[in-house]
Amino acid sequence: MNKVSIIIPIYNSEQYLSVCIDSVISQSYNNIEVICIDDGSKDNSASILDEYKKKDCRIVVVHQKNAGVSAVRNRAMEIATGDYVMFVDSDDWIDHDAIEKTLLYSIENELDIC
């Protein structure tokens, strides 16, 4: 079973963060790791992430000084252990079967990127 790494860059996203993370951890496809990089948030994003990490062992949290979204994504790629990678913004959410459908489509069509 293929593992999917979901990378979520976070900066001052407390207003949306729970909806985003809930949508990711409640996927129909559950062989995932969720890499959350807090890019020096000044709101409660960091504490929200730490609470989620306590509840779900698939969540990896990294706190760092603000470096920008590109640096965050690059840092997360160094950590990722999945066969596939998906990026989700912290102010978004994904449908319950988004990972399953995307993975199946990618495999069936032998895609490197989807």
# chains A, B, ... in the order shown; residues from 1 in each chain; ligands from 1
>>> residues_around(residues="stretch 51-61 of chain A", least_positions_apart="5", cutoff="6 Å", atoms="only C-alpha atoms", output="count of residues only")
5
>>> select_by_dssp(residues="chain A", states="alpha helix (DSSP H)", output="tab-separated table (two decimals) with all heavy atoms, in the first residue's frame")
chain	number	residue	atom	x	y	z
A	17	LEU	N	-7.14	26.36	10.52
A	17	LEU	CA	-6.27	25.20	10.68
A	17	LEU	C	-6.99	23.91	11.06
A	17	LEU	O	-6.72	22.85	10.50
A	17	LEU	CB	-5.17	25.53	11.68
A	17	LEU	CG	-3.96	24.62	11.72
A	17	LEU	CD1	-3.37	24.41	10.33
A	17	LEU	CD2	-2.91	25.18	12.66
A	18	SER	N	-7.90	23.97	11.99
A	18	SER	CA	-8.61	22.75	12.42
A	18	SER	C	-9.41	22.14	11.28
A	18	SER	O	-9.41	20.91	11.11
A	18	SER	CB	-9.52	23.06	13.61
A	18	SER	OG	-8.75	23.37	14.74
A	19	VAL	N	-10.08	22.96	10.51
A	19	VAL	CA	-10.86	22.45	9.37
A	19	VAL	C	-9.92	21.77	8.37
A	19	VAL	O	-10.21	20.68	7.86
A	19	VAL	CB	-11.66	23.59	8.68
A	19	VAL	CG1	-12.30	23.12	7.39
A	19	VAL	CG2	-12.71	24.13	9.63
A	20	CYS	N	-8.79	22.39	8.11
A	20	CYS	CA	-7.81	21.83	7.18
A	20	CYS	C	-7.30	20.48	7.67
A	20	CYS	O	-7.37	19.48	6.95
A	20	CYS	CB	-6.64	22.80	7.01
A	20	CYS	SG	-5.30	22.14	5.98
A	21	ILE	N	-6.80	20.43	8.88
A	21	ILE	CA	-6.22	19.19	9.40
A	21	ILE	C	-7.27	18.11	9.55
A	21	ILE	O	-7.03	16.94	9.21
A	21	ILE	CB	-5.46	19.45	10.71
A	21	ILE	CG1	-4.26	20.35	10.45
A	21	ILE	CG2	-5.01	18.12	11.34
A	21	ILE	CD1	-3.51	20.78	11.68
A	22	ASP	N	-8.46	18.46	10.01
A	22	ASP	CA	-9.54	17.47	10.13
A	22	ASP	C	-9.85	16.85	8.78
A	22	ASP	O	-10.10	15.64	8.68
A	22	ASP	CB	-10.80	18.10	10.73
A	22	ASP	CG	-10.67	18.37	12.22
A	22	ASP	OD1	-9.79	17.77	12.87
A	22	ASP	OD2	-11.46	19.19	12.73
A	23	SER	N	-9.86	17.66	7.72
A	23	SER	CA	-10.16	17.12	6.39
A	23	SER	C	-9.08	16.16	5.92
A	23	SER	O	-9.36	15.22	5.18
A	23	SER	CB	-10.36	18.26	5.38
A	23	SER	OG	-9.14	18.83	4.96
A	24	VAL	N	-7.86	16.38	6.35
A	24	VAL	CA	-6.75	15.51	5.93
A	24	VAL	C	-6.73	14.22	6.74
A	24	VAL	O	-6.60	13.13	6.18
A	24	VAL	CB	-5.40	16.26	6.05
A	24	VAL	CG1	-4.24	15.32	5.82
A	24	VAL	CG2	-5.35	17.42	5.06
A	25	ILE	N	-6.89	14.30	8.04
A	25	ILE	CA	-6.77	13.08	8.86
A	25	ILE	C	-8.02	12.19	8.80
A	25	ILE	O	-7.97	11.05	9.23
A	25	ILE	CB	-6.41	13.40	10.33
A	25	ILE	CG1	-7.48	14.23	11.02
A	25	ILE	CG2	-5.04	14.07	10.40
A	25	ILE	CD1	-7.22	14.48	12.50
A	45	SER	N	-1.54	29.08	16.05
A	45	SER	CA	-1.34	27.94	15.14
A	45	SER	C	-0.42	26.88	15.73
A	45	SER	O	-0.69	25.68	15.64
A	45	SER	CB	-0.78	28.42	13.80
A	45	SER	OG	-1.71	29.23	13.12
A	46	ALA	N	0.67	27.29	16.35
A	46	ALA	CA	1.64	26.35	16.90
A	46	ALA	C	1.01	25.45	17.96
A	46	ALA	O	1.21	24.23	17.96
A	46	ALA	CB	2.84	27.09	17.47
A	47	SER	N	0.22	26.02	18.85
A	47	SER	CA	-0.40	25.21	19.91
A	47	SER	C	-1.48	24.30	19.35
A	47	SER	O	-1.66	23.16	19.82
A	47	SER	CB	-0.95	26.10	21.02
A	47	SER	OG	-1.92	26.98	20.53
A	48	ILE	N	-2.19	24.75	18.33
A	48	ILE	CA	-3.19	23.90	17.67
A	48	ILE	C	-2.49	22.68	17.06
A	48	ILE	O	-2.94	21.54	17.22
A	48	ILE	CB	-3.97	24.69	16.60
A	48	ILE	CG1	-4.84	25.76	17.26
A	48	ILE	CG2	-4.82	23.75	15.74
A	48	ILE	CD1	-5.44	26.77	16.30
A	49	LEU	N	-1.38	22.91	16.38
A	49	LEU	CA	-0.62	21.81	15.78
A	49	LEU	C	-0.14	20.82	16.83
A	49	LEU	O	-0.23	19.60	16.64
A	49	LEU	CB	0.58	22.36	15.01
A	49	LEU	CG	0.28	23.15	13.75
A	49	LEU	CD1	1.55	23.78	13.21
A	49	LEU	CD2	-0.39	22.27	12.71
A	50	ASP	N	0.37	21.33	17.93
A	50	ASP	CA	0.88	20.46	18.99
A	50	ASP	C	-0.23	19.59	19.57
A	50	ASP	O	0.00	18.42	19.91
A	50	ASP	CB	1.56	21.28	20.08
A	50	ASP	CG	2.86	21.91	19.61
A	50	ASP	OD1	3.44	21.42	18.61
A	50	ASP	OD2	3.29	22.91	20.22
A	51	GLU	N	-1.44	20.12	19.67
A	51	GLU	CA	-2.57	19.33	20.17
A	51	GLU	C	-2.94	18.23	19.18
A	51	GLU	O	-3.22	17.10	19.59
A	51	GLU	CB	-3.79	20.23	20.45
A	51	GLU	CG	-3.64	21.07	21.69
A	51	GLU	CD	-3.40	20.23	22.94
A	51	GLU	OE1	-4.13	19.23	23.17
A	51	GLU	OE2	-2.46	20.56	23.70
A	52	TYR	N	-2.96	18.53	17.90
A	52	TYR	CA	-3.25	17.51	16.90
A	52	TYR	C	-2.18	16.42	16.90
A	52	TYR	O	-2.50	15.24	16.76
A	52	TYR	CB	-3.36	18.13	15.50
A	52	TYR	CG	-4.75	18.58	15.16
A	52	TYR	CD1	-5.12	19.91	15.30
A	52	TYR	CD2	-5.71	17.68	14.69
A	52	TYR	CE1	-6.39	20.33	15.00
A	52	TYR	CE2	-6.99	18.10	14.39
A	52	TYR	CZ	-7.33	19.43	14.53
A	52	TYR	OH	-8.61	19.84	14.23
A	53	LYS	N	-0.94	16.79	17.07
A	53	LYS	CA	0.14	15.81	17.09
A	53	LYS	C	-0.05	14.81	18.24
A	53	LYS	O	0.23	13.62	18.09
A	53	LYS	CB	1.49	16.51	17.22
A	53	LYS	CG	2.66	15.57	17.21
A	53	LYS	CD	3.97	16.30	17.32
A	53	LYS	CE	5.10	15.29	17.38
A	53	LYS	NZ	6.40	15.89	17.35
A	54	LYS	N	-0.54	15.30	19.37
A	54	LYS	CA	-0.78	14.42	20.52
A	54	LYS	C	-1.88	13.40	20.23
A	54	LYS	O	-1.87	12.30	20.77
A	54	LYS	CB	-1.20	15.24	21.74
A	54	LYS	CG	-0.10	16.07	22.34
A	54	LYS	CD	-0.66	16.88	23.50
A	54	LYS	CE	0.34	17.90	24.02
A	54	LYS	NZ	-0.25	18.76	25.07
A	55	LYS	N	-2.83	13.76	19.36
A	55	LYS	CA	-4.00	12.92	19.08
A	55	LYS	C	-3.79	11.94	17.94
A	55	LYS	O	-4.51	10.95	17.83
A	55	LYS	CB	-5.20	13.80	18.75
A	55	LYS	CG	-5.65	14.70	19.86
A	55	LYS	CD	-6.78	15.58	19.40
A	55	LYS	CE	-7.13	16.64	20.41
A	55	LYS	NZ	-8.14	17.58	19.92
A	69	VAL	N	7.04	30.32	2.34
A	69	VAL	CA	6.38	29.08	1.97
A	69	VAL	C	7.27	28.15	1.14
A	69	VAL	O	7.21	26.93	1.29
A	69	VAL	CB	5.03	29.36	1.25
A	69	VAL	CG1	5.25	29.97	-0.12
A	69	VAL	CG2	4.18	28.11	1.18
A	70	SER	N	8.11	28.67	0.28
A	70	SER	CA	8.99	27.81	-0.51
A	70	SER	C	9.98	27.07	0.38
A	70	SER	O	10.22	25.87	0.20
A	70	SER	CB	9.75	28.63	-1.56
A	70	SER	OG	8.85	29.16	-2.50
A	71	ALA	N	10.56	27.77	1.34
A	71	ALA	CA	11.48	27.14	2.28
A	71	ALA	C	10.77	26.08	3.12
A	71	ALA	O	11.34	25.01	3.41
A	71	ALA	CB	12.13	28.18	3.18
A	72	VAL	N	9.53	26.35	3.49
A	72	VAL	CA	8.74	25.39	4.26
A	72	VAL	C	8.51	24.12	3.45
A	72	VAL	O	8.70	23.00	3.94
A	72	VAL	CB	7.40	26.01	4.70
A	72	VAL	CG1	6.44	24.95	5.20
A	72	VAL	CG2	7.61	27.08	5.74
A	73	ARG	N	8.10	24.28	2.21
A	73	ARG	CA	7.85	23.10	1.36
A	73	ARG	C	9.14	22.30	1.14
A	73	ARG	O	9.11	21.06	1.17
A	73	ARG	CB	7.24	23.54	0.04
A	73	ARG	CG	5.80	23.99	0.21
A	73	ARG	CD	5.13	24.28	-1.11
A	73	ARG	NE	3.73	24.62	-0.86
A	73	ARG	CZ	3.11	25.63	-1.41
A	73	ARG	NH1	3.74	26.43	-2.26
A	73	ARG	NH2	1.84	25.87	-1.14
A	74	ASN	N	10.24	22.99	0.93
A	74	ASN	CA	11.52	22.28	0.76
A	74	ASN	C	11.90	21.52	2.02
A	74	ASN	O	12.37	20.38	1.96
A	74	ASN	CB	12.62	23.26	0.37
A	74	ASN	CG	12.46	23.77	-1.05
A	74	ASN	OD1	11.84	23.13	-1.89
A	74	ASN	ND2	13.00	24.95	-1.31
A	75	ARG	N	11.71	22.13	3.18
A	75	ARG	CA	12.02	21.47	4.46
A	75	ARG	C	11.14	20.23	4.64
A	75	ARG	O	11.63	19.17	5.04
A	75	ARG	CB	11.81	22.45	5.62
A	75	ARG	CG	11.97	21.86	7.00
A	75	ARG	CD	13.43	21.50	7.30
A	75	ARG	NE	13.55	21.00	8.64
A	75	ARG	CZ	13.87	19.73	8.95
A	75	ARG	NH1	14.14	18.87	7.99
A	75	ARG	NH2	13.95	19.34	10.19
A	76	ALA	N	9.88	20.35	4.30
A	76	ALA	CA	8.96	19.22	4.43
A	76	ALA	C	9.34	18.08	3.49
A	76	ALA	O	9.22	16.91	3.85
A	76	ALA	CB	7.53	19.68	4.18
A	77	MET	N	9.81	18.41	2.31
A	77	MET	CA	10.23	17.37	1.37
A	77	MET	C	11.42	16.58	1.91
A	77	MET	O	11.55	15.38	1.62
A	77	MET	CB	10.58	17.99	0.01
A	77	MET	CG	9.38	18.51	-0.76
A	77	MET	SD	8.22	17.22	-1.24
A	77	MET	CE	9.20	16.32	-2.43
A	78	GLU	N	12.25	17.22	2.72
A	78	GLU	CA	13.38	16.52	3.34
A	78	GLU	C	12.90	15.50	4.37
A	78	GLU	O	13.56	14.49	4.62
A	78	GLU	CB	14.31	17.52	4.03
A	78	GLU	CG	15.02	18.46	3.08
A	78	GLU	CD	15.76	19.58	3.80
A	78	GLU	OE1	15.72	19.63	5.05
A	78	GLU	OE2	16.38	20.41	3.12
A	79	ILE	N	11.75	15.76	4.96
A	79	ILE	CA	11.19	14.91	6.01
A	79	ILE	C	10.31	13.80	5.44
A	79	ILE	O	10.22	12.71	6.01
A	79	ILE	CB	10.37	15.77	7.00
A	79	ILE	CG1	11.26	16.80	7.69
A	79	ILE	CG2	9.63	14.91	8.01
A	79	ILE	CD1	10.49	17.85	8.46
A	98	ALA	N	-10.32	12.60	-1.46
A	98	ALA	CA	-9.40	13.29	-2.37
A	98	ALA	C	-8.09	12.52	-2.56
A	98	ALA	O	-7.61	12.38	-3.69
A	98	ALA	CB	-9.11	14.70	-1.87
A	99	ILE	N	-7.51	12.04	-1.50
A	99	ILE	CA	-6.24	11.33	-1.61
A	99	ILE	C	-6.43	10.00	-2.34
A	99	ILE	O	-5.66	9.66	-3.25
A	99	ILE	CB	-5.60	11.12	-0.23
A	99	ILE	CG1	-5.24	12.47	0.38
A	99	ILE	CG2	-4.37	10.22	-0.33
A	99	ILE	CD1	-4.78	12.40	1.82
A	100	GLU	N	-7.46	9.28	-1.97
A	100	GLU	CA	-7.73	7.99	-2.61
A	100	GLU	C	-7.93	8.15	-4.12
A	100	GLU	O	-7.33	7.42	-4.92
A	100	GLU	CB	-8.96	7.35	-1.97
A	100	GLU	CG	-9.31	5.99	-2.52
A	100	GLU	CD	-10.49	5.37	-1.81
A	100	GLU	OE1	-11.14	6.03	-0.97
A	100	GLU	OE2	-10.77	4.20	-2.11
A	101	LYS	N	-8.75	9.10	-4.53
A	101	LYS	CA	-9.02	9.31	-5.95
A	101	LYS	C	-7.77	9.78	-6.70
A	101	LYS	O	-7.50	9.32	-7.81
A	101	LYS	CB	-10.14	10.34	-6.13
A	101	LYS	CG	-11.51	9.79	-5.85
A	101	LYS	CD	-12.57	10.83	-6.13
A	101	LYS	CE	-13.96	10.26	-5.99
A	101	LYS	NZ	-15.00	11.28	-6.27
A	102	THR	N	-7.03	10.70	-6.11
A	102	THR	CA	-5.83	11.22	-6.77
A	102	THR	C	-4.77	10.12	-6.91
A	102	THR	O	-4.14	9.99	-7.96
A	102	THR	CB	-5.26	12.41	-5.99
A	102	THR	OG1	-6.28	13.41	-5.84
A	102	THR	CG2	-4.07	13.02	-6.69
A	103	LEU	N	-4.58	9.34	-5.87
A	103	LEU	CA	-3.60	8.26	-5.91
A	103	LEU	C	-3.99	7.21	-6.95
A	103	LEU	O	-3.16	6.80	-7.77
A	103	LEU	CB	-3.47	7.62	-4.52
A	103	LEU	CG	-2.47	6.48	-4.40
A	103	LEU	CD1	-1.06	6.95	-4.75
A	103	LEU	CD2	-2.51	5.90	-2.99
A	104	LEU	N	-5.23	6.78	-6.95
A	104	LEU	CA	-5.70	5.79	-7.90
A	104	LEU	C	-5.53	6.29	-9.34
A	104	LEU	O	-5.02	5.56	-10.20
A	104	LEU	CB	-7.17	5.44	-7.63
A	104	LEU	CG	-7.79	4.40	-8.54
A	104	LEU	CD1	-7.05	3.07	-8.43
A	104	LEU	CD2	-9.27	4.21	-8.21
A	105	TYR	N	-5.91	7.52	-9.59
A	105	TYR	CA	-5.77	8.11	-10.92
A	105	TYR	C	-4.30	8.15	-11.35
A	105	TYR	O	-3.96	7.83	-12.48
A	105	TYR	CB	-6.38	9.51	-10.94
A	105	TYR	CG	-6.38	10.15	-12.30
A	105	TYR	CD1	-7.36	9.85	-13.24
A	105	TYR	CD2	-5.38	11.05	-12.66
A	105	TYR	CE1	-7.36	10.42	-14.50
A	105	TYR	CE2	-5.37	11.64	-13.91
A	105	TYR	CZ	-6.36	11.32	-14.83
A	105	TYR	OH	-6.33	11.90	-16.07
A	106	SER	N	-3.43	8.55	-10.42
A	106	SER	CA	-2.00	8.64	-10.72
A	106	SER	C	-1.40	7.28	-11.05
A	106	SER	O	-0.61	7.15	-11.99
A	106	SER	CB	-1.25	9.26	-9.53
A	106	SER	OG	-1.68	10.57	-9.31
A	107	ILE	N	-1.78	6.26	-10.29
A	107	ILE	CA	-1.27	4.91	-10.52
A	107	ILE	C	-1.80	4.35	-11.83
A	107	ILE	O	-1.03	3.81	-12.65
A	107	ILE	CB	-1.60	4.00	-9.33
A	107	ILE	CG1	-0.81	4.44	-8.09
A	107	ILE	CG2	-1.31	2.53	-9.67
A	107	ILE	CD1	-1.24	3.77	-6.80
A	108	GLU	N	-3.10	4.47	-12.06
A	108	GLU	CA	-3.71	3.92	-13.28
A	108	GLU	C	-3.13	4.55	-14.54
A	108	GLU	O	-3.03	3.90	-15.58
A	108	GLU	CB	-5.22	4.13	-13.25
A	108	GLU	CG	-5.95	3.23	-12.30
A	108	GLU	CD	-7.44	3.51	-12.23
A	108	GLU	OE1	-7.90	4.54	-12.78
A	108	GLU	OE2	-8.15	2.70	-11.61
>>> atom_distance(atom1="atom CA of A:Val4", atom2="atom CA of A:Asn66")
25.9 Å
>>> closest_residue(among="A:Val62, A:Leu111, A:Val85, A:Ala80", to="A:Ile10", atoms="only C-alpha atoms")
A:Val62
>>> closest_residue(among="A:His63, A:Asp97, A:Lys3, A:Tyr29", to="A:Lys42", atoms="only C-alpha atoms")
A:His63
>>> closest_residue(among="A:Gln64, A:Ser90, A:Asn31, A:Asn109", to="A:Ser13", atoms="only C-alpha atoms")
A:Ser90
>>> atom_distance(atom1="atom CA of A:Glu110", atom2="atom CA of A:Asn2")
13.8 Å
>>> select_by_dssp(residues="chain A", states="strand (DSSP E or B)", output="PyMOL selection string")
chain A and resi 4-10+32-39+59-64+84-87
>>> write_last_selection(atoms="N, CA and C atoms", output="tab-separated table (two decimals), in the first residue's frame")
chain	number	residue	atom	x	y	z
A	4	VAL	N	1.28	8.19	1.38
A	4	VAL	CA	1.18	9.54	0.85
A	4	VAL	C	1.57	10.53	1.95
A	5	SER	N	2.52	11.40	1.64
A	5	SER	CA	2.91	12.48	2.56
A	5	SER	C	2.14	13.72	2.17
A	6	ILE	N	1.39	14.27	3.12
A	6	ILE	CA	0.65	15.51	2.90
A	6	ILE	C	1.41	16.62	3.61
A	7	ILE	N	1.81	17.61	2.84
A	7	ILE	CA	2.59	18.72	3.38
A	7	ILE	C	1.69	19.94	3.52
A	8	ILE	N	1.68	20.49	4.75
A	8	ILE	CA	0.86	21.67	5.03
A	8	ILE	C	1.76	22.77	5.60
A	9	PRO	N	2.05	23.81	4.81
A	9	PRO	CA	2.79	24.96	5.34
A	9	PRO	C	1.82	25.82	6.16
A	10	ILE	N	2.27	26.26	7.32
A	10	ILE	CA	1.38	27.03	8.21
A	10	ILE	C	2.03	28.33	8.63
A	32	ILE	N	-1.15	7.58	5.43
A	32	ILE	CA	-0.64	8.93	5.19
A	32	ILE	C	0.26	9.37	6.34
A	33	GLU	N	1.08	10.35	6.04
A	33	GLU	CA	1.75	11.12	7.08
A	33	GLU	C	1.42	12.58	6.76
A	34	VAL	N	1.19	13.35	7.79
A	34	VAL	CA	0.81	14.74	7.63
A	34	VAL	C	1.95	15.59	8.21
A	35	ILE	N	2.65	16.28	7.33
A	35	ILE	CA	3.80	17.09	7.74
A	35	ILE	C	3.37	18.54	7.83
A	36	CYS	N	3.30	19.05	9.04
A	36	CYS	CA	2.88	20.43	9.29
A	36	CYS	C	4.10	21.24	9.71
A	37	ILE	N	4.44	22.23	8.91
A	37	ILE	CA	5.57	23.09	9.23
A	37	ILE	C	5.03	24.45	9.63
A	38	ASP	N	5.21	24.80	10.89
A	38	ASP	CA	4.81	26.12	11.39
A	38	ASP	C	5.95	27.09	11.09
A	39	ASP	N	5.67	28.03	10.23
A	39	ASP	CA	6.69	28.96	9.75
A	39	ASP	C	6.72	30.24	10.60
A	59	ILE	N	0.79	12.59	12.37
A	59	ILE	CA	1.11	14.01	12.22
A	59	ILE	C	2.51	14.30	12.72
A	60	VAL	N	3.28	14.97	11.86
A	60	VAL	CA	4.63	15.42	12.19
A	60	VAL	C	4.57	16.95	12.22
A	61	VAL	N	5.07	17.54	13.30
A	61	VAL	CA	5.04	18.99	13.44
A	61	VAL	C	6.47	19.50	13.58
A	62	VAL	N	6.78	20.53	12.80
A	62	VAL	CA	8.07	21.21	12.89
A	62	VAL	C	7.78	22.69	13.09
A	63	HIS	N	8.43	23.29	14.08
A	63	HIS	CA	8.33	24.73	14.32
A	63	HIS	C	9.65	25.35	13.87
A	64	GLN	N	9.57	26.42	13.10
A	64	GLN	CA	10.78	27.09	12.64
A	64	GLN	C	10.54	28.60	12.56
A	84	TYR	N	4.29	9.07	-2.44
A	84	TYR	CA	3.70	10.20	-3.14
A	84	TYR	C	3.63	11.38	-2.18
A	85	VAL	N	3.57	12.59	-2.74
A	85	VAL	CA	3.48	13.81	-1.94
A	85	VAL	C	2.30	14.64	-2.43
A	86	MET	N	1.57	15.19	-1.48
A	86	MET	CA	0.46	16.09	-1.79
A	86	MET	C	0.64	17.36	-0.97
A	87	PHE	N	0.39	18.51	-1.58
A	87	PHE	CA	0.46	19.79	-0.88
A	87	PHE	C	-0.95	20.29	-0.63
